[in-house]
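Structure data (mmCIF, N, CA and C atoms) from data-v1.cif:
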```cif
data_start
#
loop_
_atom_site.label_atom_id
_atom_site.label_comp_id
_atom_site.auth_asym_id
_atom_site.auth_seq_id
_atom_site.Cartn_x
_atom_site.Cartn_y
_atom_site.Cartn_z
N ALA A 557 -60.54 56.45 141.88
CA ALA A 557 -60.30 57.66 141.12
C ALA A 557 -60.87 57.54 139.70
N ARG A 558 -60.71 56.36 139.11
CA ARG A 558 -61.19 56.15 137.73
C ARG A 558 -62.71 56.37 137.65
N GLU A 559 -63.43 55.85 138.64
CA GLU A 559 -64.88 55.99 138.64
C GLU A 559 -65.29 57.45 138.77
N LEU A 560 -64.55 58.20 139.60
CA LEU A 560 -64.85 59.62 139.78
C LEU A 560 -64.64 60.39 138.49
N VAL A 561 -63.54 60.14 137.83
CA VAL A 561 -63.25 60.82 136.56
C VAL A 561 -64.32 60.49 135.53
N THR A 562 -64.71 59.23 135.45
CA THR A 562 -65.76 58.81 134.52
C THR A 562 -67.07 59.51 134.84
N TRP A 563 -67.44 59.53 136.12
CA TRP A 563 -68.68 60.18 136.54
C TRP A 563 -68.66 61.67 136.18
N CYS A 564 -67.56 62.34 136.46
CA CYS A 564 -67.45 63.77 136.14
C CYS A 564 -67.64 64.01 134.65
N GLY A 565 -67.03 63.17 133.83
CA GLY A 565 -67.18 63.32 132.39
C GLY A 565 -68.61 63.13 131.92
N LYS A 566 -69.27 62.13 132.46
CA LYS A 566 -70.65 61.84 132.06
C LYS A 566 -71.63 62.90 132.54
N ASN A 567 -71.29 63.57 133.64
CA ASN A 567 -72.21 64.55 134.24
C ASN A 567 -71.76 66.00 134.05
N SER A 568 -70.79 66.22 133.20
CA SER A 568 -70.28 67.57 132.89
C SER A 568 -69.88 68.33 134.15
N VAL A 569 -69.24 67.63 135.06
CA VAL A 569 -68.75 68.24 136.29
C VAL A 569 -67.27 68.54 136.10
N THR A 570 -66.86 69.79 136.34
CA THR A 570 -65.46 70.15 136.16
C THR A 570 -64.63 69.63 137.32
N MET A 571 -63.43 69.18 136.99
CA MET A 571 -62.56 68.58 137.98
C MET A 571 -61.12 69.00 137.72
N ALA A 572 -60.37 69.13 138.79
CA ALA A 572 -58.94 69.38 138.69
C ALA A 572 -58.23 68.33 139.53
N VAL A 573 -57.02 68.00 139.13
CA VAL A 573 -56.22 67.01 139.85
C VAL A 573 -55.04 67.73 140.49
N ARG A 574 -54.77 67.40 141.75
CA ARG A 574 -53.68 68.04 142.48
C ARG A 574 -52.78 66.95 143.05
N GLY A 575 -51.50 67.07 142.75
CA GLY A 575 -50.51 66.18 143.35
C GLY A 575 -50.03 66.77 144.66
N SER A 576 -48.73 66.92 144.80
CA SER A 576 -48.18 67.47 146.04
C SER A 576 -48.36 68.98 146.13
N GLY A 577 -48.67 69.62 145.02
CA GLY A 577 -48.82 71.07 145.00
C GLY A 577 -47.51 71.80 144.83
N SER A 578 -46.45 71.07 144.53
CA SER A 578 -45.12 71.67 144.43
C SER A 578 -44.92 72.50 143.16
N GLN A 579 -45.79 72.33 142.18
CA GLN A 579 -45.64 73.05 140.92
C GLN A 579 -46.92 73.79 140.53
N LEU A 580 -47.68 74.26 141.51
CA LEU A 580 -48.96 74.90 141.22
C LEU A 580 -48.83 76.16 140.36
N GLU A 581 -47.68 76.81 140.42
CA GLU A 581 -47.52 78.06 139.66
C GLU A 581 -47.27 77.82 138.18
N ILE A 582 -47.08 76.57 137.78
CA ILE A 582 -46.83 76.25 136.37
C ILE A 582 -48.17 76.01 135.67
N GLY A 583 -48.33 76.59 134.50
CA GLY A 583 -49.54 76.40 133.72
C GLY A 583 -50.66 77.34 134.11
N ALA A 584 -51.69 77.29 133.33
CA ALA A 584 -52.86 78.15 133.57
C ALA A 584 -53.75 77.52 134.63
N PRO A 585 -54.33 78.34 135.51
CA PRO A 585 -55.26 77.79 136.50
C PRO A 585 -56.54 77.32 135.81
N PRO A 586 -57.23 76.36 136.39
CA PRO A 586 -58.49 75.91 135.78
C PRO A 586 -59.52 77.03 135.76
N ARG A 587 -60.34 77.06 134.73
CA ARG A 587 -61.39 78.07 134.63
C ARG A 587 -62.47 77.84 135.66
N SER A 588 -62.72 76.58 135.97
CA SER A 588 -63.67 76.23 137.03
C SER A 588 -63.24 74.89 137.62
N CYS A 589 -63.66 74.65 138.85
CA CYS A 589 -63.30 73.40 139.51
C CYS A 589 -64.38 73.09 140.54
N GLU A 590 -65.21 72.13 140.21
CA GLU A 590 -66.25 71.72 141.15
C GLU A 590 -65.76 70.60 142.07
N ILE A 591 -64.82 69.81 141.59
CA ILE A 591 -64.25 68.72 142.38
C ILE A 591 -62.73 68.77 142.25
N LEU A 592 -62.05 68.68 143.38
CA LEU A 592 -60.59 68.63 143.39
C LEU A 592 -60.17 67.22 143.79
N LEU A 593 -59.51 66.53 142.88
CA LEU A 593 -59.03 65.17 143.13
C LEU A 593 -57.58 65.26 143.58
N GLN A 594 -57.31 64.89 144.82
CA GLN A 594 -55.94 64.90 145.34
C GLN A 594 -55.38 63.49 145.28
N THR A 595 -54.13 63.37 144.89
CA THR A 595 -53.54 62.06 144.60
C THR A 595 -52.66 61.51 145.71
N GLN A 596 -52.58 62.15 146.87
CA GLN A 596 -51.61 61.74 147.89
C GLN A 596 -51.81 60.31 148.38
N HIS A 597 -53.01 59.77 148.29
CA HIS A 597 -53.23 58.40 148.75
C HIS A 597 -52.99 57.36 147.65
N LEU A 598 -52.70 57.82 146.44
CA LEU A 598 -52.36 56.91 145.35
C LEU A 598 -50.84 56.72 145.35
N ASP A 599 -50.33 56.14 146.44
CA ASP A 599 -48.87 56.11 146.64
C ASP A 599 -48.29 54.70 146.68
N GLN A 600 -48.95 53.75 146.04
CA GLN A 600 -48.47 52.38 146.04
C GLN A 600 -47.62 52.08 144.80
N ILE A 601 -46.79 51.07 144.94
CA ILE A 601 -46.11 50.48 143.78
C ILE A 601 -46.87 49.21 143.46
N TRP A 602 -47.40 49.12 142.26
CA TRP A 602 -48.20 47.97 141.88
C TRP A 602 -47.34 46.89 141.20
N ASP A 603 -46.31 47.30 140.53
CA ASP A 603 -45.45 46.33 139.86
C ASP A 603 -44.06 46.94 139.73
N TYR A 604 -43.06 46.12 139.99
CA TYR A 604 -41.68 46.57 139.87
C TYR A 604 -40.87 45.43 139.28
N ASP A 605 -40.42 45.61 138.05
CA ASP A 605 -39.59 44.63 137.37
C ASP A 605 -38.18 45.20 137.31
N ASP A 606 -37.38 44.88 138.32
CA ASP A 606 -36.05 45.48 138.38
C ASP A 606 -35.15 44.99 137.25
N GLY A 607 -35.42 43.81 136.70
CA GLY A 607 -34.64 43.32 135.57
C GLY A 607 -34.80 44.19 134.33
N ASN A 608 -36.01 44.74 134.15
CA ASN A 608 -36.28 45.64 133.02
C ASN A 608 -36.25 47.10 133.44
N ALA A 609 -36.01 47.35 134.73
CA ALA A 609 -35.98 48.71 135.29
C ALA A 609 -37.27 49.46 135.00
N THR A 610 -38.41 48.78 135.22
CA THR A 610 -39.72 49.41 135.03
C THR A 610 -40.52 49.34 136.33
N VAL A 611 -41.25 50.41 136.60
CA VAL A 611 -42.07 50.51 137.80
C VAL A 611 -43.45 51.01 137.39
N ASN A 612 -44.48 50.37 137.95
CA ASN A 612 -45.85 50.83 137.78
C ASN A 612 -46.28 51.31 139.16
N ALA A 613 -46.40 52.62 139.33
CA ALA A 613 -46.68 53.20 140.64
C ALA A 613 -47.76 54.26 140.53
N GLY A 614 -48.38 54.53 141.67
CA GLY A 614 -49.44 55.53 141.73
C GLY A 614 -48.90 56.95 141.65
N ALA A 615 -49.76 57.84 141.20
CA ALA A 615 -49.38 59.23 141.00
C ALA A 615 -48.99 59.93 142.30
N GLY A 616 -49.44 59.42 143.45
CA GLY A 616 -49.18 60.09 144.71
C GLY A 616 -47.89 59.70 145.41
N ILE A 617 -47.15 58.75 144.86
CA ILE A 617 -45.90 58.35 145.51
C ILE A 617 -44.86 59.46 145.33
N SER A 618 -44.17 59.78 146.41
CA SER A 618 -43.15 60.82 146.29
C SER A 618 -41.96 60.29 145.49
N LEU A 619 -41.33 61.17 144.74
CA LEU A 619 -40.17 60.75 143.97
C LEU A 619 -39.03 60.34 144.91
N ALA A 620 -38.96 60.95 146.08
CA ALA A 620 -37.94 60.57 147.06
C ALA A 620 -38.16 59.14 147.53
N LYS A 621 -39.43 58.79 147.84
CA LYS A 621 -39.74 57.42 148.28
C LYS A 621 -39.50 56.43 147.15
N LEU A 622 -39.89 56.78 145.95
CA LEU A 622 -39.67 55.90 144.81
C LEU A 622 -38.18 55.69 144.58
N ASN A 623 -37.40 56.74 144.67
CA ASN A 623 -35.95 56.63 144.49
C ASN A 623 -35.33 55.77 145.59
N GLN A 624 -35.86 55.88 146.80
CA GLN A 624 -35.37 55.05 147.91
C GLN A 624 -35.64 53.57 147.63
N ILE A 625 -36.84 53.26 147.17
CA ILE A 625 -37.22 51.87 146.90
C ILE A 625 -36.38 51.27 145.78
N VAL A 626 -36.24 51.99 144.67
CA VAL A 626 -35.45 51.43 143.57
C VAL A 626 -33.96 51.45 143.90
N GLY A 627 -33.55 52.37 144.77
CA GLY A 627 -32.15 52.43 145.19
C GLY A 627 -31.72 51.20 145.95
N GLU A 628 -32.67 50.53 146.62
CA GLU A 628 -32.36 49.28 147.32
C GLU A 628 -31.90 48.19 146.36
N ARG A 629 -32.19 48.37 145.07
CA ARG A 629 -31.77 47.41 144.03
C ARG A 629 -30.77 48.07 143.07
N GLN A 630 -30.04 49.05 143.59
CA GLN A 630 -28.99 49.75 142.85
C GLN A 630 -29.51 50.40 141.56
N GLN A 631 -30.73 50.96 141.63
CA GLN A 631 -31.30 51.70 140.51
C GLN A 631 -31.65 53.10 141.00
N LEU A 632 -32.04 53.97 140.09
CA LEU A 632 -32.41 55.33 140.49
C LEU A 632 -33.48 55.90 139.58
N VAL A 633 -34.15 56.91 140.10
CA VAL A 633 -35.14 57.66 139.32
C VAL A 633 -34.37 58.81 138.67
N PRO A 634 -34.23 58.80 137.34
CA PRO A 634 -33.38 59.80 136.68
C PRO A 634 -34.08 61.14 136.44
N LEU A 635 -34.58 61.73 137.51
CA LEU A 635 -35.26 63.01 137.42
C LEU A 635 -34.73 63.94 138.49
N GLU A 636 -34.75 65.23 138.20
CA GLU A 636 -34.45 66.23 139.23
C GLU A 636 -35.75 66.52 139.96
N TYR A 637 -35.69 66.49 141.29
CA TYR A 637 -36.91 66.69 142.05
C TYR A 637 -36.58 67.19 143.45
N SER A 638 -37.60 67.77 144.06
CA SER A 638 -37.50 68.11 145.49
C SER A 638 -38.18 66.98 146.26
N ASP A 639 -37.92 66.90 147.54
CA ASP A 639 -38.43 65.78 148.34
C ASP A 639 -39.94 65.67 148.35
N GLU A 640 -40.65 66.77 148.20
CA GLU A 640 -42.10 66.72 148.28
C GLU A 640 -42.78 66.40 146.94
N MET A 641 -42.05 66.43 145.85
CA MET A 641 -42.64 66.17 144.54
C MET A 641 -43.11 64.73 144.42
N THR A 642 -44.24 64.54 143.73
CA THR A 642 -44.78 63.20 143.52
C THR A 642 -44.68 62.82 142.05
N LEU A 643 -44.84 61.54 141.80
CA LEU A 643 -44.75 61.04 140.44
C LEU A 643 -45.78 61.71 139.52
N GLY A 644 -46.95 61.97 140.07
CA GLY A 644 -48.02 62.60 139.27
C GLY A 644 -47.98 64.11 139.24
N GLY A 645 -47.03 64.72 139.90
CA GLY A 645 -46.93 66.18 139.88
C GLY A 645 -47.09 66.81 141.22
#
```
Once you've parsed the file, please lay out its structure as structure tokens.
Amino acid sequence: ARELVTWCGKNSVTMAVRGSGSQLEIGAPPRSCEILLQTQHLDQIWDYDDGNATVNAGAGISLAKLNQIVGERQQLVPLEYSDEMTLGG
């Protein structure tokens, strides 16, 4: 994803990012979109320090899945969300 964003910037290609699509009605729509970057496959947890209650996770992980994982260690994601919402939106 990083390489794509860099390439788009260098080549003046317009891009939009889409998470689960659960909040598409919020905000202004893009004026143009030549590439749509979807984040659903960015759903890994790269680092989890339960002692510090910090998680480094991809934008595509669902908040429900993230809450399930941290819940196994008696922690929680302190956000209101629907099951389809992802960390990145």
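All residues of chain A that DSSP, run on the backbone, classes as strand (DSSP E or B) are Met571, Ala572, Val573, Arg574, Ile591, Leu592, Leu593, Gln594, Ile601, Trp602, Asp603, Tyr604, Asp605, Thr610, Val611, Asn612, Ala613, Ser618 and Thr642 of chain A.
This file, filtered with the PyMOL selection byres ((chain A and resi 571-585) around 8), gives the residues Val561, Cys564, Gly565, Ser568, Val569, Thr570, Pro586, Arg587, Ser588, Cys589, Glu590, Ile591, Leu592, Leu593, Gln594, Thr595, Gln596, Ala615, Gly616, Glu640, Met641, Thr642, Leu643, Gly644 and Gly645 of chain A.
For Ile601 of chain A, the list of residues within 7 Å, based on all atoms listed in the file and with local chain neighbours fewer than 3 positions off taken out, reads Leu598, Tyr604, Val611, Asn612, Ala613 and Gly614 of chain A.
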I need the chosen residues saved as a tab-separated table (two decimals), keeping the file's coordinate frame, with N, CA and C atoms.
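After the write, result-v8.tsv holds the following:
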```tsv
chain	number	residue	atom	x	y	z
A	598	LEU	N	-52.70	57.82	146.44
A	598	LEU	CA	-52.36	56.91	145.35
A	598	LEU	C	-50.84	56.72	145.35
A	604	TYR	N	-43.06	46.12	139.99
A	604	TYR	CA	-41.68	46.57	139.87
A	604	TYR	C	-40.87	45.43	139.28
A	611	VAL	N	-41.25	50.41	136.60
A	611	VAL	CA	-42.07	50.51	137.80
A	611	VAL	C	-43.45	51.01	137.39
A	612	ASN	N	-44.48	50.37	137.95
A	612	ASN	CA	-45.85	50.83	137.78
A	612	ASN	C	-46.28	51.31	139.16
A	613	ALA	N	-46.40	52.62	139.33
A	613	ALA	CA	-46.68	53.20	140.64
A	613	ALA	C	-47.76	54.26	140.53
A	614	GLY	N	-48.38	54.53	141.67
A	614	GLY	CA	-49.44	55.53	141.73
A	614	GLY	C	-48.90	56.95	141.65
```
re atom CA of Trp602 of chain A and atom C of Trp563 of chain A: distance 25.3 Å
Atom CA of Ser638 of chain A to atom CA of Gln624 of chain A measures 13.5 Å
task = Please provide as a PyMOL selection string all residues within 12 Å of Pro634 of chain A, with the sequence filter that same-chain residues fewer than 5 positions apart are discarded (counting only C-alpha atoms).
result = chain A and resi 609+619-620+622-623+626-627
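The coordinates place atom CA of Asp639 of chain A at 24.4 Å from atom CA of Ala557 of chain A.
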Between A:Gln600, A:Arg558, A:Asp605, A:Glu636, smallest distance to Lys621 of chain A by only C-alpha atoms belongs to A:Gln600
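Taking the backbone of this structure through DSSP, the residues of chain A that come out as helix (DSSP H, G or I) are Arg558, Glu559, Leu560, Val561, Thr562, Trp563, Cys564, Gly565, Lys566, Leu619, Ala620, Lys621, Leu622, Asn623, Gln624, Ile625, Val626 and Gly627 of chain A.
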Centre and edge lengths, as lines of an AutoDock Vina configuration file, for the axis-aligned box enclosing every listed atom of segment 577-595 of chain A with 8 Å of padding on each of the six sides, in Å to one decimal?
```
center_x = -55.6
center_y = 69.9
center_z = 139.5
size_x = 37.3
size_y = 32.8
size_z = 28.4
```
